[in-house]
Each structure stands twice: as structure tokens, then as C-alpha cells.
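The data block below is model-v8.txt; it holds compact mmCIF, C-alpha atoms and all ligand atoms.
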```txt
# COMPACT_ATOMS: atom_id res chain seq x y z
CA MET A 1062 85.92 105.33 81.77
CA ASP A 1063 86.77 103.64 78.47
CA VAL A 1064 90.06 101.79 78.24
CA ILE A 1065 91.84 101.52 74.90
CA ARG A 1066 93.49 98.12 74.62
CA ASP A 1067 94.63 98.06 71.01
CA ALA A 1068 95.48 100.40 68.18
CA ASP A 1069 96.82 100.44 64.65
CA ILE A 1070 100.58 101.03 64.66
CA ASN A 1071 100.82 101.55 60.90
CA PRO A 1072 100.52 105.38 60.89
CA LEU A 1073 103.72 105.45 62.91
CA LEU A 1074 105.63 102.91 60.83
CA ALA A 1075 105.34 105.10 57.76
CA ARG A 1076 107.12 107.97 59.52
CA THR A 1077 110.58 108.72 60.93
CA ILE A 1078 110.61 109.08 64.70
CA GLY A 1079 113.02 111.38 66.49
CA ILE A 1080 113.47 110.92 70.21
CA ILE A 1081 115.06 113.88 71.96
CA GLY A 1082 116.83 112.68 75.11
CA TYR A 1083 117.98 109.19 75.99
CA GLY A 1084 117.26 109.05 79.72
CA ASN A 1085 114.55 107.27 81.71
CA GLN A 1086 111.71 107.53 79.21
CA GLY A 1087 113.80 108.25 76.11
CA ARG A 1088 115.73 104.99 76.18
CA ALA A 1089 112.74 102.83 77.13
CA GLN A 1090 110.42 104.30 74.51
CA ALA A 1091 113.06 104.32 71.76
CA LEU A 1092 113.86 100.63 72.32
CA ASN A 1093 110.19 99.63 72.51
CA LEU A 1094 109.30 101.58 69.36
CA ARG A 1095 112.22 100.05 67.46
CA ASP A 1096 111.20 96.57 68.59
CA SER A 1097 107.69 97.39 67.37
CA GLY A 1098 109.10 98.00 63.89
CA ALA A 1099 109.42 101.80 63.90
CA ARG A 1100 112.28 103.79 62.34
CA VAL A 1101 113.84 105.65 65.26
CA LEU A 1102 116.72 108.10 65.51
CA ILE A 1103 117.94 109.86 68.63
CA GLY A 1104 118.53 113.60 69.00
CA SER A 1105 120.99 114.38 71.76
CA VAL A 1106 123.83 116.57 72.86
CA ALA A 1107 127.21 114.78 72.63
CA ASP A 1108 127.37 113.16 76.05
CA ALA A 1109 126.99 109.90 77.97
CA SER A 1110 123.37 109.53 76.83
CA ALA A 1111 124.41 109.83 73.18
CA ALA A 1112 127.13 107.19 73.72
CA ARG A 1113 124.61 104.85 75.33
CA ALA A 1114 122.18 105.29 72.45
CA ARG A 1115 124.96 104.47 69.97
CA ASP A 1116 125.87 101.39 72.02
CA ASP A 1117 122.23 100.35 71.74
CA GLY A 1118 122.57 100.59 67.96
CA PHE A 1119 120.72 103.88 67.30
CA GLU A 1120 121.78 106.59 64.93
CA VAL A 1121 122.41 109.69 67.06
CA VAL A 1122 122.36 113.19 65.62
CA ASP A 1123 122.18 116.63 67.21
CA ILE A 1124 118.79 117.93 68.26
CA ALA A 1125 118.42 120.35 65.36
CA ALA A 1126 119.19 117.60 62.83
CA ALA A 1127 116.74 115.22 64.52
CA THR A 1128 114.06 117.92 64.28
CA GLU A 1129 114.75 118.35 60.58
CA ARG A 1130 114.71 114.64 59.81
CA ALA A 1131 111.88 113.39 62.02
CA ASP A 1132 108.20 113.41 61.16
CA VAL A 1133 107.27 112.62 64.75
CA LEU A 1134 109.42 114.19 67.45
CA ALA A 1135 109.24 113.27 71.14
CA LEU A 1136 110.60 115.57 73.83
CA LEU A 1137 111.86 113.12 76.42
CA ILE A 1138 114.19 115.41 78.33
CA PRO A 1139 113.49 116.86 81.81
CA ASP A 1140 110.47 119.18 81.88
CA GLU A 1141 112.59 122.02 83.33
CA VAL A 1142 114.87 122.19 80.28
CA GLN A 1143 112.27 121.50 77.59
CA ARG A 1144 111.39 125.14 76.95
CA ASP A 1145 115.00 126.29 76.37
CA VAL A 1146 115.85 123.28 74.22
CA TYR A 1147 112.61 123.74 72.27
CA GLU A 1148 113.19 127.46 71.64
CA GLN A 1149 116.85 127.18 70.76
CA GLU A 1150 117.17 123.89 68.93
CA ILE A 1151 113.75 122.68 67.85
CA GLU A 1152 111.44 125.58 67.00
CA PRO A 1153 113.71 127.11 64.32
CA HIS A 1154 113.76 123.76 62.44
CA LEU A 1155 110.10 122.76 62.67
CA ARG A 1156 108.06 122.37 59.50
CA ALA A 1157 104.32 122.17 58.91
CA GLY A 1158 102.86 118.70 59.31
CA GLN A 1159 105.25 117.48 62.00
CA ILE A 1160 104.03 115.93 65.22
CA LEU A 1161 105.33 116.76 68.68
CA VAL A 1162 104.98 114.11 71.37
CA PHE A 1163 105.15 114.76 75.11
CA ALA A 1164 105.19 112.32 78.02
CA HIS A 1165 103.85 114.93 80.46
CA GLY A 1166 101.56 117.88 79.81
CA TYR A 1167 103.23 120.55 81.99
CA ASN A 1168 104.95 122.76 79.40
CA ILE A 1169 102.06 122.77 76.96
CA HIS A 1170 99.37 123.14 79.61
CA TYR A 1171 101.02 126.14 81.26
CA GLY A 1172 101.87 127.73 77.89
CA LEU A 1173 105.65 127.51 78.37
CA ILE A 1174 105.97 125.85 74.97
CA ARG A 1175 103.70 127.17 72.22
CA PRO A 1176 104.17 125.19 69.01
CA PRO A 1177 102.96 126.70 65.72
CA GLN A 1178 99.38 125.94 64.66
CA THR A 1179 100.66 123.80 61.76
CA ILE A 1180 102.08 121.17 64.17
CA ASP A 1181 100.18 118.32 65.86
CA VAL A 1182 100.73 118.19 69.61
CA ILE A 1183 100.02 114.92 71.38
CA MET A 1184 100.81 113.23 74.67
CA VAL A 1185 101.37 109.63 75.65
CA ALA A 1186 102.24 109.63 79.33
CA PRO A 1187 103.23 106.26 80.81
CA ARG A 1188 102.18 105.88 84.44
CA MET A 1189 105.46 104.24 85.31
CA ILE A 1190 109.21 104.88 85.45
CA GLY A 1191 111.17 104.25 82.26
CA ILE A 1192 112.91 101.08 83.43
CA ASN A 1193 109.53 99.42 83.86
CA VAL A 1194 108.25 100.75 80.52
CA ARG A 1195 111.06 98.74 78.95
CA ARG A 1196 111.05 95.75 81.30
CA SER A 1197 107.33 95.07 81.01
CA PHE A 1198 107.52 95.41 77.20
CA GLU A 1199 110.31 92.82 77.12
CA HIS A 1200 108.10 90.51 79.16
CA GLY A 1201 105.33 90.84 76.59
CA SER A 1202 103.15 93.26 78.54
CA GLY A 1203 103.22 97.02 78.99
CA VAL A 1204 102.42 99.82 81.43
CA PRO A 1205 99.23 101.90 81.43
CA ALA A 1206 99.38 105.36 79.87
CA TYR A 1207 97.33 108.52 79.46
CA LEU A 1208 96.77 109.77 75.94
CA ALA A 1209 95.78 113.28 74.86
CA VAL A 1210 95.69 115.57 71.86
CA ALA A 1211 96.37 119.27 72.48
CA HIS A 1212 96.36 120.35 68.85
CA ASP A 1213 95.23 118.47 65.77
CA ALA A 1214 96.49 120.34 62.73
CA SER A 1215 96.53 117.30 60.44
CA GLY A 1216 93.27 115.70 61.47
CA THR A 1217 95.20 112.50 62.30
CA ALA A 1218 96.87 113.47 65.59
CA ARG A 1219 94.84 111.00 67.65
CA GLN A 1220 95.71 108.14 65.30
CA ILE A 1221 99.42 108.89 65.75
CA ALA A 1222 99.02 109.10 69.52
CA LEU A 1223 97.27 105.72 69.53
CA ALA A 1224 99.98 104.23 67.32
CA TRP A 1225 102.64 105.60 69.70
CA ALA A 1226 100.84 104.06 72.68
CA LYS A 1227 100.76 100.75 70.81
CA GLY A 1228 104.44 101.04 69.86
CA ILE A 1229 105.66 101.54 73.42
CA GLY A 1230 103.46 98.68 74.67
CA ALA A 1231 100.96 100.81 76.59
CA THR A 1232 97.87 99.40 74.83
CA ARG A 1233 98.79 95.94 76.17
CA ALA A 1234 98.05 97.26 79.68
CA GLY A 1235 95.42 99.88 78.75
CA VAL A 1236 95.31 103.51 77.70
CA LEU A 1237 93.03 106.19 79.15
CA GLU A 1238 92.14 109.17 77.04
CA THR A 1239 92.43 112.51 78.81
CA THR A 1240 93.57 116.10 78.29
CA PHE A 1241 96.91 117.83 78.86
CA ALA A 1242 95.24 119.84 81.65
CA GLN A 1243 93.90 116.83 83.50
CA GLU A 1244 97.12 114.81 83.27
CA THR A 1245 99.21 117.75 84.48
CA GLU A 1246 96.91 118.72 87.31
CA LEU A 1247 96.49 115.17 88.59
CA ASP A 1248 100.23 114.53 88.45
CA LEU A 1249 101.00 117.74 90.36
CA PHE A 1250 98.24 117.07 92.86
CA ALA A 1251 99.68 113.67 93.78
CA GLU A 1252 103.06 115.36 94.27
CA GLN A 1253 101.66 118.22 96.34
CA GLY A 1254 98.58 116.81 98.05
CA VAL A 1255 99.47 113.19 98.75
CA TRP A 1256 103.23 112.58 99.02
CA PRO A 1257 103.99 115.59 101.27
CA ILE A 1258 101.44 114.40 103.83
CA ILE A 1259 102.91 110.91 103.89
CA MET A 1260 106.49 112.16 104.04
CA ARG A 1261 105.76 114.74 106.69
CA ASP A 1262 103.86 112.20 108.76
CA LEU A 1263 106.87 109.88 108.66
CA LEU A 1264 109.21 112.68 109.78
CA LEU A 1265 106.92 113.91 112.58
CA SER A 1266 106.22 110.34 113.75
CA TYR A 1267 109.98 109.69 113.79
CA GLU A 1268 110.54 112.81 115.92
CA VAL A 1269 107.77 111.91 118.37
CA LEU A 1270 108.98 108.33 118.81
CA VAL A 1271 112.68 109.20 119.16
CA GLU A 1272 111.73 111.95 121.63
CA ALA A 1273 109.86 109.27 123.60
CA GLY A 1274 113.01 107.15 123.82
CA PHE A 1275 112.63 104.60 121.00
CA PRO A 1276 115.90 103.70 119.18
CA PRO A 1277 116.08 105.77 115.94
CA GLU A 1278 117.08 102.79 113.76
CA MET A 1279 114.15 100.77 115.01
CA VAL A 1280 111.76 103.65 114.40
CA ALA A 1281 112.93 104.09 110.80
CA LEU A 1282 112.68 100.33 110.28
CA GLU A 1283 109.18 100.18 111.73
CA LEU A 1284 107.78 103.19 109.85
CA TYR A 1285 109.01 102.33 106.36
CA GLY A 1286 112.52 100.85 106.33
CA SER A 1287 111.48 97.20 106.37
CA GLY A 1288 109.69 97.65 103.06
CA GLU A 1289 106.33 96.77 104.61
CA ALA A 1290 104.97 100.24 103.83
CA ALA A 1291 105.93 99.78 100.18
CA GLU A 1292 104.19 96.41 100.19
CA ILE A 1293 101.03 98.02 101.60
CA PHE A 1294 101.01 100.47 98.69
CA HIS A 1295 101.54 97.62 96.28
CA GLN A 1296 98.59 95.77 97.77
CA MET A 1297 96.46 98.96 97.67
CA ALA A 1298 97.02 99.07 93.92
CA ARG A 1299 96.46 95.34 93.56
CA VAL A 1300 93.41 94.65 95.73
CA GLY A 1301 92.24 98.08 96.96
CA VAL A 1302 92.92 100.71 99.62
CA ILE A 1303 90.43 99.17 102.05
CA GLU A 1304 90.55 95.52 100.96
CA GLN A 1305 94.32 95.25 101.54
CA MET A 1306 93.57 95.73 105.25
CA ARG A 1307 92.56 92.07 105.38
CA LEU A 1308 96.26 91.22 105.09
CA HIS A 1309 96.81 92.81 108.51
CA SER A 1310 95.69 91.81 111.99
CA GLN A 1311 92.32 92.86 113.38
CA THR A 1312 94.14 95.00 115.96
CA SER A 1313 95.87 96.80 113.09
CA GLN A 1314 92.60 97.22 111.19
CA TYR A 1315 90.72 98.59 114.21
CA GLY A 1316 93.56 100.99 115.07
CA THR A 1317 93.76 102.30 111.53
CA LEU A 1318 90.03 102.69 110.97
CA SER A 1319 89.21 104.22 114.36
CA ARG A 1320 92.17 106.68 114.40
CA GLY A 1321 92.17 107.70 110.72
CA PRO A 1322 89.65 110.54 110.93
CA ARG A 1323 91.27 111.83 114.11
CA MET A 1324 94.72 111.99 112.50
CA LEU A 1325 93.51 113.65 109.31
CA PRO A 1326 90.06 115.19 109.92
CA ASP A 1327 87.63 116.02 107.11
CA GLU A 1328 88.58 119.70 107.44
CA SER A 1329 91.95 118.75 105.91
CA LYS A 1330 90.11 118.63 102.60
CA GLU A 1331 90.17 122.43 102.63
CA ARG A 1332 93.99 122.30 102.42
CA LEU A 1333 93.78 119.78 99.61
CA ARG A 1334 91.35 122.03 97.76
CA ALA A 1335 93.74 124.94 98.24
CA ALA A 1336 96.58 122.83 96.79
CA LEU A 1337 94.40 122.04 93.78
CA ARG A 1338 93.51 125.73 93.35
CA GLU A 1339 97.21 126.68 93.27
CA ILE A 1340 97.86 124.06 90.62
CA ARG A 1341 94.84 125.00 88.50
CA SER A 1342 95.35 128.75 88.65
CA GLY A 1343 98.95 128.37 87.50
CA SER A 1344 100.29 130.01 90.66
CA PHE A 1345 102.40 126.95 91.53
CA ALA A 1346 103.81 126.91 87.98
CA ALA A 1347 104.63 130.62 88.27
CA GLU A 1348 106.35 130.05 91.63
CA TRP A 1349 108.35 127.11 90.25
CA GLY A 1350 109.25 129.15 87.16
CA SER A 1351 110.72 131.98 89.25
CA GLU A 1352 112.50 129.44 91.44
CA GLN A 1353 114.18 128.06 88.31
CA ALA A 1354 114.97 131.52 86.97
CA GLY A 1355 116.49 132.48 90.32
CA GLY A 1356 118.88 129.53 90.34
CA TYR A 1357 116.91 127.16 92.60
CA GLN A 1358 117.91 128.97 95.83
CA ARG A 1359 114.87 128.06 97.92
CA PHE A 1360 114.77 124.56 96.45
CA GLU A 1361 118.41 123.98 97.42
CA ALA A 1362 117.79 125.29 100.94
CA LEU A 1363 114.79 122.97 101.33
CA ARG A 1364 116.80 120.01 100.07
CA GLN A 1365 119.66 120.77 102.46
CA GLN A 1366 117.24 121.07 105.36
CA ALA A 1367 115.66 117.72 104.47
CA ARG A 1368 119.05 116.03 104.14
CA ALA A 1369 120.08 117.32 107.57
CA HIS A 1370 117.20 115.49 109.31
CA ASP A 1371 118.32 112.75 111.74
CA ILE A 1372 116.14 110.21 109.95
CA ASN A 1373 118.74 110.02 107.16
CA GLY A 1374 121.27 108.43 109.51
CA ALA A 1375 118.72 106.23 111.24
CA GLU A 1376 117.62 104.48 108.06
CA VAL A 1377 121.04 103.03 107.19
CA LEU A 1378 120.40 99.88 109.21
CA GLY A 1379 116.97 99.35 107.62
CA ARG A 1380 118.50 99.61 104.14
CA GLU A 1381 121.12 97.01 105.02
CA LEU A 1382 118.50 94.61 106.41
CA LEU A 1383 116.25 95.15 103.40
CA GLU A 1384 119.14 94.46 101.05
CA ARG A 1385 119.99 91.23 102.90
CA SER A 1386 116.39 90.04 102.89
CA ARG A 1387 116.19 90.82 99.17
CA LEU A 1388 119.32 88.82 98.51
CA ARG A 1389 117.91 85.88 100.41
CA SER A 1390 114.65 85.94 98.48
CA ASP A 1391 116.60 86.11 95.21
CA GLU A 1392 118.66 83.00 96.03
P1 LIG A 1401 115.46 112.24 82.17
O1 LIG A 1401 115.85 113.10 83.34
O2 LIG A 1401 115.73 110.79 82.30
O3 LIG A 1401 116.15 112.81 80.85
C1 LIG A 1401 117.44 112.71 80.71
C2 LIG A 1401 117.79 112.94 79.26
O4 LIG A 1401 117.62 114.33 78.93
C3 LIG A 1401 119.21 112.60 79.08
O5 LIG A 1401 119.42 112.08 77.78
C4 LIG A 1401 119.88 113.94 79.24
O6 LIG A 1401 121.13 114.03 78.64
C5 LIG A 1401 118.89 114.83 78.50
N1 LIG A 1401 119.03 116.23 78.90
C6 LIG A 1401 119.03 116.75 80.14
N2 LIG A 1401 119.20 118.08 80.09
C7 LIG A 1401 119.34 118.40 78.78
C8 LIG A 1401 119.56 119.62 78.09
N3 LIG A 1401 119.64 120.78 78.73
N4 LIG A 1401 119.65 119.56 76.74
C9 LIG A 1401 119.55 118.40 76.07
N5 LIG A 1401 119.35 117.21 76.68
C10 LIG A 1401 119.22 117.21 78.02
O7 LIG A 1401 113.96 112.54 81.79
P2 LIG A 1401 112.70 111.60 82.03
O8 LIG A 1401 112.78 110.46 81.10
O9 LIG A 1401 112.55 111.36 83.49
O10 LIG A 1401 111.54 112.60 81.60
C11 LIG A 1401 111.28 112.86 80.24
C12 LIG A 1401 109.82 113.23 80.11
O11 LIG A 1401 109.04 112.09 80.48
C13 LIG A 1401 109.39 114.36 81.03
O12 LIG A 1401 108.41 115.11 80.36
C14 LIG A 1401 108.76 113.64 82.21
O13 LIG A 1401 107.79 114.40 82.91
C15 LIG A 1401 108.11 112.47 81.50
N6 LIG A 1401 107.84 111.30 82.31
C16 LIG A 1401 108.86 110.77 83.06
C17 LIG A 1401 108.64 109.61 83.79
C18 LIG A 1401 109.79 108.94 84.46
O14 LIG A 1401 109.78 107.74 84.55
N7 LIG A 1401 110.82 109.64 84.93
C19 LIG A 1401 107.31 108.97 83.85
C20 LIG A 1401 106.34 109.57 82.95
C21 LIG A 1401 106.60 110.70 82.24
P3 LIG A 1401 122.44 114.00 79.57
O15 LIG A 1401 123.06 112.67 79.35
O16 LIG A 1401 123.24 115.13 79.07
O17 LIG A 1401 122.02 114.21 81.00
```
Transcribe the structure of this file into C-alpha cells.
Ligand code: NDP
Amino acid sequence: MDVIRDADINPLLARTIGIIGYGNQGRAQALNLRDSGARVLIGSVADASAARARDDGFEVVDIAAATERADVLALLIPDEVQRDVYEQEIEPHLRAGQILVFAHGYNIHYGLIRPPQTIDVIMVAPRMIGINVRRSFEHGSGVPAYLAVAHDASGTARQIALAWAKGIGATRAGVLETTFAQETELDLFAEQGVWPIIMRDLLLSYEVLVEAGFPPEMVALELYGSGEAAEIFHQMARVGVIEQMRLHSQTSQYGTLSRGPRMLPDESKERLRAALREIRSGSFAAEWGSEQAGGYQRFEALRQQARAHDINGAEVLGRELLERSRLRSDE
């Protein structure tokens, strides 16, 4: 797959940028774009985010005014509220030739936001939390990002997307060109096919070990609390899923390789395929949409159930030890 490592930022510098929302991504991208020479204003409701943006030296206006003044408008508010904010405060003020930027494809891909045909719709989706988008930029590097064009009314949408990627520092790390569909489906698949298996395995393993008489605090520490599990993931990204095994003992390697297929047999792929089908058909999005419309009742019940699990109490010690070991390594 081709990696884009540079771009021309000039198409962006000639335009006014409006960033809607000053949270994780909003703050990081606004600061990076300004440091890259762009003219940035923030569109926000009058709240703590607006105050923070003003403290950072940005002009802050309401969302409707930002829509009217900006040539390029980024929706960097939570995906769940984007549709309402778009319909009520953005759509009525849009004009032909403007460019809408997303950092995740969900609302466009599932048709929850349908901009007029006269508007360019692009995506630059950093593969990292906002704090690191900013921190790495300040250190002279950047984080990787996906780039996509959903609608090219002007004929220059891709150029703007590339300029945006350059402005937030993403081209320094590398940009992969994709589609809104692919970015959305992959993102949801990781959330529904990968993380639940890991989380559920930790909970079930905790239950089995505590049931067998092991001290709960020690179990939580062993399974993930020491930070070793996080380090394994870091090494997977750095040297490879299999290659990182060399950092562990041969006993560990043999145990992992010989038991892996038994713990998660090949037939499990059928469940993963089913998860992908739900995502691709839009049935997950429909379910999540009715959950939101119904006031998050099932979601709240699931969260309460998860918070009531004994593991929450058992991990307090691990957190304290991790904090102390962090402090020592910082000294
Ligand atoms: P945040 O949750 O950090 O957004 C918070 C901002 O949105 C705040 O300024 C908040 O204002 C504002 N906001 C919340 N609700 C409303 C509302 N109803 N009306 C107006 N403003 C509102 O969002 P993220 O930065 O996490 O996500 C933004 C986009 O970036 C999403 O599309 C997400 O998928 C994508 N993304 C996020 C990543 C991440 O690191 N989290 C990584 C890659 C992509 P207030 O002060 O009032 O709360």
C-alpha cells in the first residue's frame, strides 16, 4: 500500500478553517494547523471548551457563525452528536464550495449526515488520541492518518485533504489513502471483534483464578495491572505480533504457541465474520441509533453491570504499584 509522506499545504493556507469542537481532536488539530501557518477559528457552544480555546489564543464564535465564516469546516465533536449539531447549526448556513472535514467516517458512511452535492466531503482520521496528535507534532513528528474523499464537488477535495494531513503533522509519519467505508468498518471491527475478546478473556480468567483461590489483587496485577500487557502490545506494534515473543522466556513462548489454537479455535472466525457482517450491513449502526434514541437504557445497564464486577476493586493495588514504578522511572 502506498504511503503519502508529504503534501502541499498551500491550498489550506489560502482558506479560513473552522474547527467545530475543542476536545481531544479539536484542540490538537487546531493548534497543529495554526502552528503550520493556517488561519483557524473555533466554533463552539459557550462552555469550558470555548474558554480553553480562548485561553489558547483562538477566536471563538458560535457554530453557525463558524460555518458562515469558514471555507473548510471540521466536525470534531463526538460522533453521536454530530448529526443534530449538523442539522441544526451547520446545514442551514452552508454555502456551495465549502469543504467539510471529518476525523471518522461513521456519520457519512451510514448516511446519518448527507451534505449537499455542492460541498466537498473529506476525511483525515488520525490513528491516535488527540493528546498524542499534539505531542508528537510538538516533537517534530506526527501520527499516521487515513485520508479519504467522499464527495469531490470542487475537483480539489483530495488536495485539501492532503494539505490538512500535512497541517496536522500526519504526513511526517505517513498517510494511507482509503475510503469512508473502509475506515469506518475497520474501526468498528477492532472495537467489536478484537477488544471484546481481550476484555472478556481478562474477566473470565480473573473469575477462574479467584475461584481457584488466587488473591484477587495478584490476579489483576498478573493479567494486566503491572503494565506488562500494555508493553506487549507496544512491542507488537514495534517489532511484530510474533517477533515480540522473543522478549519472553521459551516457556512463555511454548505455552502461548501451543495453547493459542485451543483457546481460540479457527471456528471462532465464523463469529468474527458475523461481527463484520453486522457492521457492513448497517445493522449495528441501526441498533446503536435506536439505543441513542431510546436514551441509552441498555448501554447504561451494560456499563453498570461491568462496573459491578469484582475486578474493579482488585485492580486498585496494581494501579498504585504501577504509579509508584512510573514515578521511580521518571526520577
Ligand atoms: P471529544 O469528545 O473530545 O469532543 C469534545 C468536544 O465536542 C468538546 O469541545 C465538547 O464541548 C464538544 N461537544 C460535545 N457535545 C456537543 C454538542 N452537543 N454540541 C456542540 N459541541 C459539543 O471528541 P473527539 O475529539 O474524541 O472526537 C471528535 C472526532 O474525532 C470524532 O469523529 C471521533 O470519532 C474522531 N476521532 C477521535 C479520536 C480520539 O482521539 N478521541 C481519534 C481519531 C478520530 P463541551 O466542552 O461542551 O463538552
Could you put an axis-aligned box around every listed atom of ligand LIG 1401 (chain A), padded by 6 Å on each side, and send me its centre and edge lengths in Å to one decimal, as JSON?
```
{"center_x": 114.8, "center_y": 114.3, "center_z": 80.5, "size_x": 28.9, "size_y": 25.0, "size_z": 20.9}
```
Tell me which residues come within 8 Å of (90.3, 109.4, 72.0), as a short mmCIF file (atom, residue, chain, number, x, y, z; two decimals) with C-alpha atoms, in the frame of the given file, counting only C-alpha atoms in the file's coordinates.
```cif
data_model
loop_
_atom_site.label_atom_id
_atom_site.label_comp_id
_atom_site.auth_asym_id
_atom_site.auth_seq_id
_atom_site.Cartn_x
_atom_site.Cartn_y
_atom_site.Cartn_z
CA LEU A 1208 96.77 109.77 75.94
CA ALA A 1209 95.78 113.28 74.86
CA ARG A 1219 94.84 111.00 67.65
CA GLU A 1238 92.14 109.17 77.04
CA THR A 1239 92.43 112.51 78.81
#
```
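With only C-alpha atoms as the atoms that count, the residue of A:Ile1151, A:Ala1135, A:Leu1363, A:Ile1070 with the shortest distance to A:Val1101 is A:Ala1135.
Picture a line from atom CA of A:Ile1078 to atom CA of A:Thr1217; it runs 16.0 Å.
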What lies within 8 Å of stretch 1107-1115 of chain A using all atoms listed in the file, ignoring chain neighbours under 2 positions off, as a PDB file with C-alpha atoms, in the frame of the given file?
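Listed below is the output, around_6.pdb:
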```pdb
ATOM      1  CA  GLY A1082     116.830 112.680  75.110  1.00  0.00           C
ATOM      2  CA  TYR A1083     117.980 109.190  75.990  1.00  0.00           C
ATOM      3  CA  GLY A1084     117.260 109.050  79.720  1.00  0.00           C
ATOM      4  CA  ARG A1088     115.730 104.990  76.180  1.00  0.00           C
ATOM      5  CA  ILE A1103     117.940 109.860  68.630  1.00  0.00           C
ATOM      6  CA  SER A1105     120.990 114.380  71.760  1.00  0.00           C
ATOM      7  CA  ASP A1117     122.230 100.350  71.740  1.00  0.00           C
ATOM      8  CA  GLY A1118     122.570 100.590  67.960  1.00  0.00           C
ATOM      9  CA  PHE A1119     120.720 103.880  67.300  1.00  0.00           C
ATOM     10  CA  GLU A1120     121.780 106.590  64.930  1.00  0.00           C
ATOM     11  CA  VAL A1121     122.410 109.690  67.060  1.00  0.00           C
ATOM     12  CA  ASP A1123     122.180 116.630  67.210  1.00  0.00           C
TER      13      ASP A1123
END
```
Shell of 6 Å around ligand LIG 1401 (chain A) (only C-alpha atoms and all ligand atoms), written as a CSV table (one decimal) with C-alpha atoms, in the frame of the given file:
```
chain,number,residue,atom,x,y,z
A,1082,GLY,CA,116.8,112.7,75.1
A,1083,TYR,CA,118.0,109.2,76.0
A,1084,GLY,CA,117.3,109.0,79.7
A,1085,ASN,CA,114.6,107.3,81.7
A,1086,GLN,CA,111.7,107.5,79.2
A,1087,GLY,CA,113.8,108.2,76.1
A,1105,SER,CA,121.0,114.4,71.8
A,1106,VAL,CA,123.8,116.6,72.9
A,1108,ASP,CA,127.4,113.2,76.0
A,1109,ALA,CA,127.0,109.9,78.0
A,1110,SER,CA,123.4,109.5,76.8
A,1137,LEU,CA,111.9,113.1,76.4
A,1138,ILE,CA,114.2,115.4,78.3
A,1139,PRO,CA,113.5,116.9,81.8
A,1140,ASP,CA,110.5,119.2,81.9
A,1142,VAL,CA,114.9,122.2,80.3
A,1146,VAL,CA,115.8,123.3,74.2
A,1164,ALA,CA,105.2,112.3,78.0
A,1165,HIS,CA,103.8,114.9,80.5
A,1186,ALA,CA,102.2,109.6,79.3
A,1187,PRO,CA,103.2,106.3,80.8
A,1188,ARG,CA,102.2,105.9,84.4
A,1189,MET,CA,105.5,104.2,85.3
A,1190,ILE,CA,109.2,104.9,85.4
A,1191,GLY,CA,111.2,104.2,82.3
```
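Proximity to A:Arg1195 was assessed for A:Gly1172, A:Gly1355, A:Gly1216, A:Gly1230 counting only C-alpha atoms; the smallest distance is recorded for A:Gly1230.
Shortest atom-to-atom contact with A:Ile1372 among A:Trp1349, A:Tyr1285, A:Phe1360, A:Tyr1315: A:Tyr1285, counting all atoms listed in the file.
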Hey, what's within 12 Å of stretch 1198-1200 of chain A if we count all atoms listed in the file and toss same-chain stuff fewer than 2 positions away? As number ranges by chain, please?
-> A: 1089-1097, 1191-1196, 1202-1205, 1226-1234
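Atom pair atom CA of A:Ala1125 / atom CA of A:His1212: separated by 22.3 Å.
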Which neighbours of A:Leu1325 fall inside 10 Å, counting all atoms listed in the file, when residues of the same chain fewer than 5 positions from it are skipped, and could you give them as a PyMOL selection string?
-> chain A and resi 1258+1320+1330
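Atom pair atom CA of A:Gln1253 / atom CA of A:Ala1336: separated by 6.9 Å.
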Report as CSV the residues of stretch 1213-1323 of chain A within 8 Å of stretch 1339-1346 of chain A, each with its shortest atom pair and distance in Å (one decimal), using only C-alpha atoms, ordered by chain and increasing residue number.
```
residue,atom,partner,partner_atom,distance
A:Glu1246,CA,A:Ile1340,CA,6.4
A:Leu1249,CA,A:Ile1340,CA,7.1
A:Phe1250,CA,A:Ile1340,CA,7.3
```
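Among the candidates A:Ala1290, A:Val1122, A:Ile1169, A:Ile1183, the residue lying nearest to A:Ile1080 is A:Val1122 (atoms considered: only C-alpha atoms).
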